[in-house]
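J.: Next up is a structure, given as structure tokens.
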Amino acid sequence: MTDGKRGFMDEALAVERAAAARGEVPVGAVIVGPDRRVLAACGNRTEELADPTAHAELLAIRAACAALGGPRLTGCDLYVTLEPCPMCAQAISFARVARLYYGAADPKGGGVEHGPRIFHQPTCHHRPELYPGIAEAACGKVLRDFFAARR
């Protein structure tokens with residue numbers, strides 16, 4: 001992994017920690033444009049917005065599309081601290097994200113390498129390049145600490 005990729009995941013980790021501090025399930029997402037400029041950095045806001053679709057990935061996709069002025073993120077990379085759920089995986093496909101880098105696997109709620117494996121379905125419109133396990137230990141620790149504090 002190059003320093004650039006680790007740097008973008010470090011930014012996603014910072015957003016993940018901020019989500020935890022707000023009492024949200026800690027997930028952070030960063031979208032990087034083809035020019036390697038950060039277009040969006042968002043954390044979960046489902047509790048704050050009372051919106052079950054306010055996942056970090058969806059908020060980041062919306063913000064990045066607004067920044068680019070269109071519904072597609074062709075050539076863009078998404079860095080997210082947790083394996084996207086099926087809803088987010090489908091949105092990633094629809095947005096035409098080029099590369100998906102994620103940290104911790106999610107055997108219970110994931111939709112990429114677990115559960116329905118959205119990108120492997122014949123009806124999937126677009127399949128991003130996948131890079132799982134980026135800073136996996138650090139990403140998973142934030143989640144484990146968050147849930148341990150609530151038990």
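Each chain of the structure tokens is named A, B, ... in the order shown, its residues numbered from 1; ligands are numbered from 1 in display order.
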Find the residues around segment 33-44 of chain A up to 9 Å (only C-alpha atoms counted), leave out those fewer than 6 positions away in its own chain, and share them as a ChimeraX atom specification.
T.: /A:4,8,11-12,15-20,24-27,54-65,67-68,73-77
J.: Excluding Met9 of chain A and its own-chain neighbours fewer than 5 positions away, which residues fall within 9 Å of it when counting only C-alpha atoms? Please give them as JSON, numbers by chain.
T.: {"A": [4, 14, 28, 29, 30, 79, 80, 81, 101, 102, 103, 134, 135]}
J.: Once you have the residues from the selection above, write them out as a JSON list (two decimals), in the first residue's frame, restricted to C-alpha atoms.
T.:
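This is the output file selection03.json:
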[["chain", "number", "residue", "atom", "x", "y", "z"],
["A", 4, "GLY", "CA", -1.26, 8.01, -0.40],
["A", 14, "ALA", "CA", -10.40, 10.24, 11.72],
["A", 28, "GLY", "CA", -15.91, 6.85, 8.07],
["A", 29, "ALA", "CA", -15.80, 7.29, 4.31],
["A", 30, "VAL", "CA", -13.58, 9.41, 2.08],
["A", 79, "TYR", "CA", -12.01, 4.61, 1.27],
["A", 80, "VAL", "CA", -14.28, 3.30, 4.02],
["A", 81, "THR", "CA", -13.45, 1.86, 7.41],
["A", 101, "TYR", "CA", -10.72, 0.35, -0.35],
["A", 102, "TYR", "CA", -12.13, -0.81, 2.97],
["A", 103, "GLY", "CA", -10.78, -1.69, 6.38],
["A", 134, "ILE", "CA", -6.64, -1.66, 4.45],
["A", 135, "ALA", "CA", -5.73, -0.70, 8.06]]
J.: Can you pull out every residue within 8 Å of Arg72 of chain A, counting only C-alpha atoms, but drop anything in the same chain fewer than 4 positions away, and send it as number ranges by chain?
T.: A: 65, 94-97
J.: Which is closer to Thr123 of chain A than all the others in A:Gly140, A:Arg6, A:Ala105, A:Ser93, using only C-alpha atoms?
T.: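 When distances to Thr123 of chain A are compared using only C-alpha atoms, the smallest one comes from A:Ser93.
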J.: May I have all residues of segment 10-139 of chain A that DSSP, computed from the backbone, assigns to helix (DSSP H, G or I), given as a ChimeraX atom specification?
T.: /A:10-21,46-49,56-68,86-95,118-120,136-139
J.: What is the distance, in Å and to one decimal place, between atom CA of Tyr131 of chain A and atom CA of Gly70 of chain A?
T.: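 One can read the atom CA of Tyr131 of chain A to atom CA of Gly70 of chain A distance as 25.3 Å.
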J.: Name the residues of chain A that fall into strand (DSSP E or B) according to DSSP on the backbone, using the chain letters and numbers of this document, as a PyMOL selection string.
T.: chain A and resi 28-32+38-43+77-82+99-104+129-131
J.: Atoms to include: N, CA and C atoms. Write the selected residues as a PDB file, in the first residue's frame.
T.:
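So selection.pdb came out as:
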ATOM      1  N   GLY A  28     -16.367   5.656   8.776  1.00  0.00           N
ATOM      2  CA  GLY A  28     -15.907   6.851   8.070  1.00  0.00           C
ATOM      3  C   GLY A  28     -15.647   6.531   6.616  1.00  0.00           C
ATOM      4  N   ALA A  29     -15.988   7.476   5.751  1.00  0.00           N
ATOM      5  CA  ALA A  29     -15.802   7.290   4.311  1.00  0.00           C
ATOM      6  C   ALA A  29     -15.178   8.534   3.703  1.00  0.00           C
ATOM      7  N   VAL A  30     -14.241   8.321   2.793  1.00  0.00           N
ATOM      8  CA  VAL A  30     -13.576   9.408   2.076  1.00  0.00           C
ATOM      9  C   VAL A  30     -13.605   9.067   0.593  1.00  0.00           C
ATOM     10  N   ILE A  31     -14.010  10.031  -0.230  1.00  0.00           N
ATOM     11  CA  ILE A  31     -13.989   9.843  -1.685  1.00  0.00           C
ATOM     12  C   ILE A  31     -12.934  10.759  -2.266  1.00  0.00           C
ATOM     13  N   VAL A  32     -12.079  10.161  -3.087  1.00  0.00           N
ATOM     14  CA  VAL A  32     -10.948  10.856  -3.703  1.00  0.00           C
ATOM     15  C   VAL A  32     -11.175  10.889  -5.209  1.00  0.00           C
ATOM     16  N   VAL A  38      -9.406  15.126  -2.203  1.00  0.00           N
ATOM     17  CA  VAL A  38     -10.540  14.634  -1.424  1.00  0.00           C
ATOM     18  C   VAL A  38     -11.782  15.432  -1.802  1.00  0.00           C
ATOM     19  N   LEU A  39     -12.798  14.718  -2.273  1.00  0.00           N
ATOM     20  CA  LEU A  39     -14.072  15.337  -2.649  1.00  0.00           C
ATOM     21  C   LEU A  39     -15.078  15.331  -1.507  1.00  0.00           C
ATOM     22  N   ALA A  40     -14.985  14.329  -0.636  1.00  0.00           N
ATOM     23  CA  ALA A  40     -15.934  14.214   0.472  1.00  0.00           C
ATOM     24  C   ALA A  40     -15.322  13.364   1.570  1.00  0.00           C
ATOM     25  N   ALA A  41     -15.635  13.695   2.814  1.00  0.00           N
ATOM     26  CA  ALA A  41     -15.238  12.912   3.984  1.00  0.00           C
ATOM     27  C   ALA A  41     -16.416  12.945   4.947  1.00  0.00           C
ATOM     28  N   CYS A  42     -17.065  11.801   5.132  1.00  0.00           N
ATOM     29  CA  CYS A  42     -18.297  11.746   5.920  1.00  0.00           C
ATOM     30  C   CYS A  42     -18.292  10.549   6.859  1.00  0.00           C
ATOM     31  N   GLY A  43     -18.967  10.722   7.980  1.00  0.00           N
ATOM     32  CA  GLY A  43     -19.197   9.621   8.911  1.00  0.00           C
ATOM     33  C   GLY A  43     -20.683   9.330   8.984  1.00  0.00           C
ATOM     34  N   ASP A  77     -12.079   7.085  -6.129  1.00  0.00           N
ATOM     35  CA  ASP A  77     -11.823   6.017  -5.163  1.00  0.00           C
ATOM     36  C   ASP A  77     -12.612   6.291  -3.895  1.00  0.00           C
ATOM     37  N   LEU A  78     -13.105   5.216  -3.281  1.00  0.00           N
ATOM     38  CA  LEU A  78     -13.799   5.310  -2.000  1.00  0.00           C
ATOM     39  C   LEU A  78     -13.007   4.539  -0.962  1.00  0.00           C
ATOM     40  N   TYR A  79     -12.674   5.217   0.126  1.00  0.00           N
ATOM     41  CA  TYR A  79     -12.010   4.606   1.271  1.00  0.00           C
ATOM     42  C   TYR A  79     -13.030   4.588   2.400  1.00  0.00           C
ATOM     43  N   VAL A  80     -13.307   3.410   2.943  1.00  0.00           N
ATOM     44  CA  VAL A  80     -14.284   3.296   4.023  1.00  0.00           C
ATOM     45  C   VAL A  80     -13.756   2.331   5.068  1.00  0.00           C
ATOM     46  N   THR A  81     -14.044   2.619   6.317  1.00  0.00           N
ATOM     47  CA  THR A  81     -13.449   1.863   7.408  1.00  0.00           C
ATOM     48  C   THR A  81     -14.094   0.508   7.653  1.00  0.00           C
ATOM     49  N   LEU A  82     -15.287   0.282   7.129  1.00  0.00           N
ATOM     50  CA  LEU A  82     -15.999  -0.986   7.313  1.00  0.00           C
ATOM     51  C   LEU A  82     -16.542  -1.453   5.971  1.00  0.00           C
ATOM     52  N   ARG A  99     -12.638   2.378  -7.591  1.00  0.00           N
ATOM     53  CA  ARG A  99     -11.934   1.512  -6.666  1.00  0.00           C
ATOM     54  C   ARG A  99     -12.503   1.677  -5.267  1.00  0.00           C
ATOM     55  N   LEU A 100     -12.702   0.550  -4.592  1.00  0.00           N
ATOM     56  CA  LEU A 100     -13.208   0.537  -3.220  1.00  0.00           C
ATOM     57  C   LEU A 100     -12.126  -0.046  -2.317  1.00  0.00           C
ATOM     58  N   TYR A 101     -11.676   0.759  -1.364  1.00  0.00           N
ATOM     59  CA  TYR A 101     -10.718   0.346  -0.352  1.00  0.00           C
ATOM     60  C   TYR A 101     -11.481   0.320   0.971  1.00  0.00           C
ATOM     61  N   TYR A 102     -11.471  -0.819   1.662  1.00  0.00           N
ATOM     62  CA  TYR A 102     -12.129  -0.811   2.965  1.00  0.00           C
ATOM     63  C   TYR A 102     -11.287  -1.521   4.005  1.00  0.00           C
ATOM     64  N   GLY A 103     -11.552  -1.166   5.259  1.00  0.00           N
ATOM     65  CA  GLY A 103     -10.776  -1.686   6.377  1.00  0.00           C
ATOM     66  C   GLY A 103     -11.311  -2.994   6.905  1.00  0.00           C
ATOM     67  N   ALA A 104     -12.165  -2.921   7.909  1.00  0.00           N
ATOM     68  CA  ALA A 104     -12.663  -4.107   8.597  1.00  0.00           C
ATOM     69  C   ALA A 104     -13.730  -4.823   7.779  1.00  0.00           C
ATOM     70  N   GLU A 129     -12.965  -2.033  -8.572  1.00  0.00           N
ATOM     71  CA  GLU A 129     -11.828  -2.821  -8.101  1.00  0.00           C
ATOM     72  C   GLU A 129     -11.913  -2.842  -6.576  1.00  0.00           C
ATOM     73  N   LEU A 130     -11.632  -3.993  -5.965  1.00  0.00           N
ATOM     74  CA  LEU A 130     -11.752  -4.146  -4.512  1.00  0.00           C
ATOM     75  C   LEU A 130     -10.397  -4.302  -3.851  1.00  0.00           C
ATOM     76  N   TYR A 131     -10.216  -3.584  -2.743  1.00  0.00           N
ATOM     77  CA  TYR A 131      -9.000  -3.663  -1.941  1.00  0.00           C
ATOM     78  C   TYR A 131      -9.410  -3.744  -0.469  1.00  0.00           C
TER      79      TYR A 131
END
J.: Identify which of the residues A:Pro84, A:Pro71, A:Pro52, A:Pro132 lies closest to Arg117 of chain A, counting only C-alpha atoms when measuring atom-to-atom distances.
T.: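 Closest to Arg117 of chain A of all the choices is A:Pro84.
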J.: With a distance cut-off of 12 Å and only C-alpha atoms, select the neighbouring residues of Cys124 of chain A, excluding the residue or stretch itself and same-chain residues fewer than 2 positions from it, and output the selection as number ranges by chain.
T.: A: 86, 89-96, 112, 116-122, 126-128
J.: What is the distance, in Å and to one decimal place, between atom CA of Arg144 of chain A and atom CA of Gly115 of chain A?
T.: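 Taking atom CA of Arg144 of chain A and atom CA of Gly115 of chain A, their separation equals 20.6 Å.
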J.: Just the number, please: distance in Å from atom CA of Cys85 of chain A to atom CA of Ala21 of chain A, one decimal.
T.: 21.8 Å
J.: I'd like to know which of A:Ala98, A:Lys141, A:Arg22, A:Glu83 is closest to Gly111 of chain A, using only C-alpha atoms.
T.: A:Glu83
